[in-house]
>>> print(open('my_file.txt').read())   # compact mmCIF, C-alpha atoms
# COMPACT_ATOMS: atom_id res chain seq x y z
CA MET K 1 -76.52 9.86 32.35
CA ALA K 2 -74.98 7.25 34.65
CA SER K 3 -77.20 4.54 33.16
CA ASN K 4 -76.02 5.44 29.63
CA ILE K 5 -72.40 5.09 30.69
CA TYR K 6 -73.18 1.77 32.36
CA MET K 7 -74.92 0.47 29.20
CA PHE K 8 -71.99 1.64 27.05
CA ARG K 9 -69.52 -0.20 29.31
CA GLN K 10 -71.61 -3.36 29.10
CA ARG K 11 -71.66 -3.18 25.30
CA ILE K 12 -67.90 -2.71 25.17
CA SER K 13 -67.45 -5.60 27.58
CA ARG K 14 -69.65 -7.91 25.49
CA LEU K 15 -67.86 -6.86 22.31
CA GLY K 16 -64.49 -7.58 23.94
CA GLN K 17 -65.68 -11.01 25.01
CA ARG K 18 -66.89 -11.78 21.50
CA MET K 19 -63.70 -10.48 19.90
CA SER K 20 -61.48 -12.56 22.19
CA ALA K 21 -63.51 -15.65 21.29
CA PHE K 22 -61.52 -16.64 18.21
CA GLN K 23 -63.00 -19.84 16.82
CA LEU K 24 -61.45 -21.50 13.81
CA ASN K 25 -64.26 -22.37 11.41
CA LEU K 26 -63.32 -23.30 7.84
CA ASN K 27 -66.92 -23.55 6.63
CA PRO K 28 -66.97 -19.95 5.26
CA LEU K 29 -64.23 -20.97 2.80
CA LYS K 30 -66.72 -23.37 1.20
CA GLU K 31 -69.14 -20.52 0.60
CA PRO K 32 -68.71 -18.02 -2.27
CA LEU K 33 -67.86 -15.17 0.11
CA GLY K 34 -64.83 -16.92 1.57
CA PHE K 35 -63.83 -18.84 -1.55
CA ILE K 36 -63.69 -15.66 -3.65
CA LYS K 37 -61.50 -14.01 -0.98
CA VAL K 38 -59.06 -16.93 -1.25
CA LEU K 39 -58.96 -16.50 -5.03
CA GLU K 40 -58.43 -12.73 -4.64
CA TRP K 41 -55.63 -13.39 -2.15
CA ILE K 42 -53.86 -15.73 -4.60
CA ALA K 43 -54.40 -13.32 -7.52
CA SER K 44 -52.92 -10.43 -5.51
CA ILE K 45 -49.81 -12.50 -4.77
CA PHE K 46 -49.34 -13.16 -8.48
CA ALA K 47 -50.05 -9.52 -9.32
CA PHE K 48 -47.34 -7.95 -7.19
CA ALA K 49 -44.90 -10.83 -7.64
CA THR K 50 -44.98 -10.80 -11.44
CA CYS K 51 -44.78 -7.03 -11.80
CA GLY K 52 -42.47 -6.36 -8.85
CA GLY K 53 -39.95 -9.01 -9.86
CA PHE K 54 -39.99 -8.44 -13.61
CA LYS K 55 -36.72 -7.97 -15.46
CA GLY K 56 -36.29 -7.69 -19.19
CA LYS K 57 -33.93 -6.53 -21.87
CA THR K 58 -34.05 -5.31 -25.41
CA GLU K 59 -31.35 -5.93 -27.98
CA ILE K 60 -30.57 -4.01 -31.14
CA LEU K 61 -28.43 -5.28 -33.98
CA VAL K 62 -26.25 -2.38 -35.13
CA SER K 63 -24.65 -2.18 -38.57
CA CYS K 64 -21.92 0.41 -38.93
CA SER K 65 -21.77 2.33 -42.19
CA THR K 66 -17.98 1.95 -42.37
CA LYS K 67 -18.06 -1.87 -42.13
CA ALA K 68 -21.24 -3.11 -43.79
CA SER K 69 -20.59 -6.77 -42.96
CA ASP K 70 -19.78 -6.10 -39.31
CA ASN K 71 -22.95 -6.39 -37.19
CA LYS K 72 -22.80 -5.98 -33.41
CA THR K 73 -25.47 -6.23 -30.71
CA ILE K 74 -26.14 -3.66 -28.02
CA THR K 75 -28.42 -4.38 -25.04
CA ALA K 76 -30.50 -2.30 -22.63
CA SER K 77 -31.70 -4.08 -19.48
CA PHE K 78 -34.68 -2.84 -17.48
CA GLY K 79 -37.00 -3.96 -14.71
CA TYR K 80 -39.45 -2.83 -12.09
CA PRO K 81 -40.28 0.11 -11.62
CA PHE K 82 -39.83 0.60 -15.40
CA ARG K 83 -37.89 3.85 -15.49
CA LEU K 84 -36.84 3.20 -19.06
CA ASN K 85 -35.19 6.60 -19.42
CA GLN K 86 -32.54 5.32 -16.97
CA ALA K 87 -31.84 2.08 -18.87
CA SER K 88 -28.85 2.76 -21.06
CA PHE K 89 -27.58 0.65 -23.92
CA GLN K 90 -24.38 -1.30 -23.46
CA ALA K 91 -22.20 -3.26 -25.81
CA LEU K 92 -20.53 -6.50 -24.79
CA PRO K 93 -17.40 -5.90 -22.68
CA GLY K 94 -14.37 -5.28 -24.83
CA VAL K 95 -16.41 -4.83 -28.02
CA ASN K 96 -16.30 -1.52 -29.87
CA VAL K 97 -19.57 -0.88 -31.72
CA CYS K 98 -19.20 1.89 -34.33
CA ASP K 99 -16.90 3.94 -32.07
CA VAL K 100 -19.92 5.18 -30.07
CA ASP K 101 -20.33 5.46 -26.31
CA TRP K 102 -23.67 3.66 -25.98
CA LYS K 103 -24.11 4.51 -22.29
CA ASN K 104 -25.32 7.96 -23.36
CA HIS K 105 -28.24 6.41 -25.26
CA VAL K 106 -31.25 5.28 -23.24
CA LEU K 107 -34.72 3.90 -23.81
CA ILE K 108 -37.68 6.26 -23.96
CA GLY K 109 -40.31 6.61 -21.24
CA ASP K 110 -40.90 6.50 -17.51
CA TYR K 111 -43.65 4.08 -16.55
CA SER K 112 -42.76 3.87 -12.86
CA SER K 113 -45.91 5.67 -11.67
CA SER K 114 -48.27 3.11 -13.18
CA ALA K 115 -46.15 0.13 -12.14
CA GLN K 116 -45.76 1.34 -8.56
CA PHE K 117 -49.49 2.06 -8.32
CA TYR K 118 -50.27 -1.44 -9.57
CA VAL K 119 -47.92 -3.14 -7.11
CA THR K 120 -49.05 -0.97 -4.18
CA PHE K 121 -52.70 -1.68 -4.93
CA ALA K 122 -51.94 -5.42 -5.16
CA VAL K 123 -50.23 -5.31 -1.75
CA PHE K 124 -53.23 -3.53 -0.22
CA VAL K 125 -55.57 -6.13 -1.74
CA PHE K 126 -53.32 -8.86 -0.30
CA LEU K 127 -53.52 -7.33 3.19
CA TYR K 128 -57.27 -6.78 2.89
CA CYS K 129 -57.84 -10.41 1.87
CA ILE K 130 -55.83 -11.63 4.86
CA ALA K 131 -57.89 -9.46 7.20
CA ALA K 132 -61.18 -10.51 5.57
CA LEU K 133 -60.26 -14.19 5.69
CA LEU K 134 -59.28 -13.81 9.33
CA LEU K 135 -62.68 -12.25 10.01
CA TYR K 136 -64.57 -14.90 8.04
CA VAL K 137 -62.69 -17.90 9.43
CA GLY K 138 -61.98 -16.78 12.99
CA TYR K 139 -64.85 -14.50 13.87
CA THR K 140 -67.73 -15.96 11.87
CA ASN K 141 -70.10 -15.58 14.83
CA LEU K 142 -69.31 -11.87 15.18
CA TYR K 143 -69.64 -11.30 11.44
CA ARG K 144 -72.98 -13.12 11.16
CA ASP K 145 -74.50 -11.64 14.32
CA SER K 146 -73.78 -8.04 13.36
CA ARG K 147 -75.84 -6.45 10.60
CA LYS K 148 -73.80 -3.27 10.42
CA LEU K 149 -70.27 -4.73 10.28
CA PRO K 150 -70.52 -6.33 6.80
CA MET K 151 -72.11 -3.20 5.34
CA ILE K 152 -69.46 -0.94 6.86
CA ILE K 153 -66.63 -3.14 5.61
CA PHE K 154 -68.17 -3.45 2.14
CA GLY K 155 -68.89 0.27 1.85
CA PHE K 156 -65.44 1.32 2.99
CA LEU K 157 -63.66 -1.07 0.65
CA ASN K 158 -65.95 -0.20 -2.23
CA MET K 159 -65.03 3.45 -1.73
CA ILE K 160 -61.30 2.59 -1.81
CA LEU K 161 -61.76 0.47 -4.94
CA TRP K 162 -63.66 3.20 -6.80
CA GLY K 163 -61.15 5.83 -5.70
CA GLY K 164 -58.23 3.70 -6.90
CA ASN K 165 -59.90 3.03 -10.24
CA ALA K 166 -60.71 6.70 -10.74
CA TRP K 167 -57.11 7.70 -9.96
CA PHE K 168 -55.77 5.10 -12.39
CA VAL K 169 -58.08 6.32 -15.17
CA TYR K 170 -57.10 9.92 -14.44
CA LYS K 171 -53.37 9.17 -14.57
CA GLU K 172 -53.47 6.90 -17.63
CA THR K 173 -55.63 8.99 -19.96
CA SER K 174 -55.37 12.38 -21.57
CA LEU K 175 -57.27 13.86 -18.61
CA HIS K 176 -53.97 14.11 -16.74
CA SER K 177 -51.79 15.49 -19.50
CA PRO K 178 -52.07 15.81 -23.26
CA SER K 179 -50.57 12.94 -25.20
CA ASN K 180 -47.11 13.54 -26.55
CA THR K 181 -46.33 11.38 -29.55
CA SER K 182 -42.76 12.56 -29.99
CA ALA K 183 -40.16 11.74 -27.39
CA SER K 184 -38.69 14.68 -25.58
CA HIS K 185 -35.14 14.86 -24.30
CA SER K 186 -36.43 14.71 -20.70
CA GLN K 187 -37.82 11.23 -21.41
CA GLY K 188 -34.55 10.01 -22.76
CA GLY K 189 -35.07 10.78 -26.43
CA ILE K 190 -31.64 11.25 -27.97
CA PRO K 191 -31.12 11.56 -31.70
CA PRO K 192 -29.26 8.59 -33.25
CA PRO K 193 -25.50 8.95 -33.63
CA THR K 194 -24.14 9.92 -37.01
CA GLY K 195 -22.81 7.20 -39.26
CA ILE K 196 -25.40 4.53 -38.44
>>> encode(input="my_file.txt", output="structure tokens")
Amino acid sequence: MASNIYMFRQRISRLGQRMSAFQLNLNPLKEPLGFIKVLEWIASIFAFATCGGFKGKTEILVSCSTKASDNKTITASFGYPFRLNQASFQALPGVNVCDVDWKNHVLIGDYSSSAQFYVTFAVFVFLYCIAALLLYVGYTNLYRDSRKLPMIIFGFLNMILWGGNAWFVYKETSLHSPSNTSASHSQGGIPPPTGI
């Protein structure tokens, strides 16, 4: 029993020595394993930056039935996380469009779940790529000497990837809820005002 404890301590000691031996080696970046991680890292930056910082607007040209030649524009602005049912229409300041309070009229849909999942997954991929590149570039000797470490890392990350994909498919298909083609009032569906 004492010899097993002694051998365990020696292994831990050797592992600690190897882990503290950070050696910068850029050669793995020239190989497909490291080069692909750099591309994944860059793609993850673009993924969460483009979705997380997105802003848009939609404009509608409104013609009132009382004044056929008088056309006015109303605008609804939206952005990440795409809760469209909270984006209300607004007319230009000081402009009366058909005597209607347009703040009560909103876009239809709430796509925040999908958008937040996408951005969160992109951030996790970003962090994983940093950790993997640190392992490849700084601890190449540890990574190449160990036969179990690459398989454990690959298996664990493969499980996370499959789980994330399965969850996305579940949430985005009719498996989660039956499709509803008509807009309900809870999603922001309001009938158009009279006179338009």
>>> atom_distance(input="my_file.txt", atom1="atom CA of K:Gly163", atom2="atom CA of K:Pro150")
19.8 Å
>>> atom_distance(input="my_file.txt", atom1="atom CA of K:Val137", atom2="atom CA of K:Asn25")
5.1 Å
>>> closest_residue(input="my_file.txt", among="K:Glu40, K:Cys98, K:Leu107, K:Ala132", to="K:Glu59", atoms="only C-alpha atoms")
K:Leu107
>>> atom_distance(input="my_file.txt", atom1="atom CA of K:Val125", atom2="atom CA of K:Phe154")
13.5 Å
>>> residues_around(input="my_file.txt", residues="stretch 33-36 of chain K", least_positions_apart="2", cutoff="12 Å", atoms="all atoms listed in the file", output="ChimeraX atom specification")
/K:25-31,38-43,129-138,140,150,154
>>> closest_residue(input="my_file.txt", among="K:Lys55, K:Thr75, K:Ala47, K:Glu172", to="K:Val97", atoms="only C-alpha atoms")
K:Thr75
>>> residues_around(input="my_file.txt", residues="K:Thr120", least_positions_apart="5", cutoff="10 Å", atoms="only C-alpha atoms", output="list of chain:residue names")
K:Phe48, K:Gly52, K:Ser114, K:Ala115, K:Val125, K:Phe126
>>> residues_near_point(input="my_file.txt", point="(-49.0, 5.9, -10.2)", cutoff="12 Å", atoms="all atoms listed in the file", output="list in words")
Pro81, Phe82, Asp110, Tyr111, Ser112, Ser113, Ser114, Ala115, Gln116, Phe117, Tyr118, Val119, Thr120, Phe121, Gly164, Asn165, Ala166, Trp167, Phe168, Val169, Tyr170, Lys171, Glu172 and His176 of chain K
>>> residues_around(input="my_file.txt", residues="K:Ala87", least_positions_apart="5", cutoff="12 Å", atoms="all atoms listed in the file", output="MDAnalysis selection string")
chainID K and resid 55:58 75:82 102:110 187:189
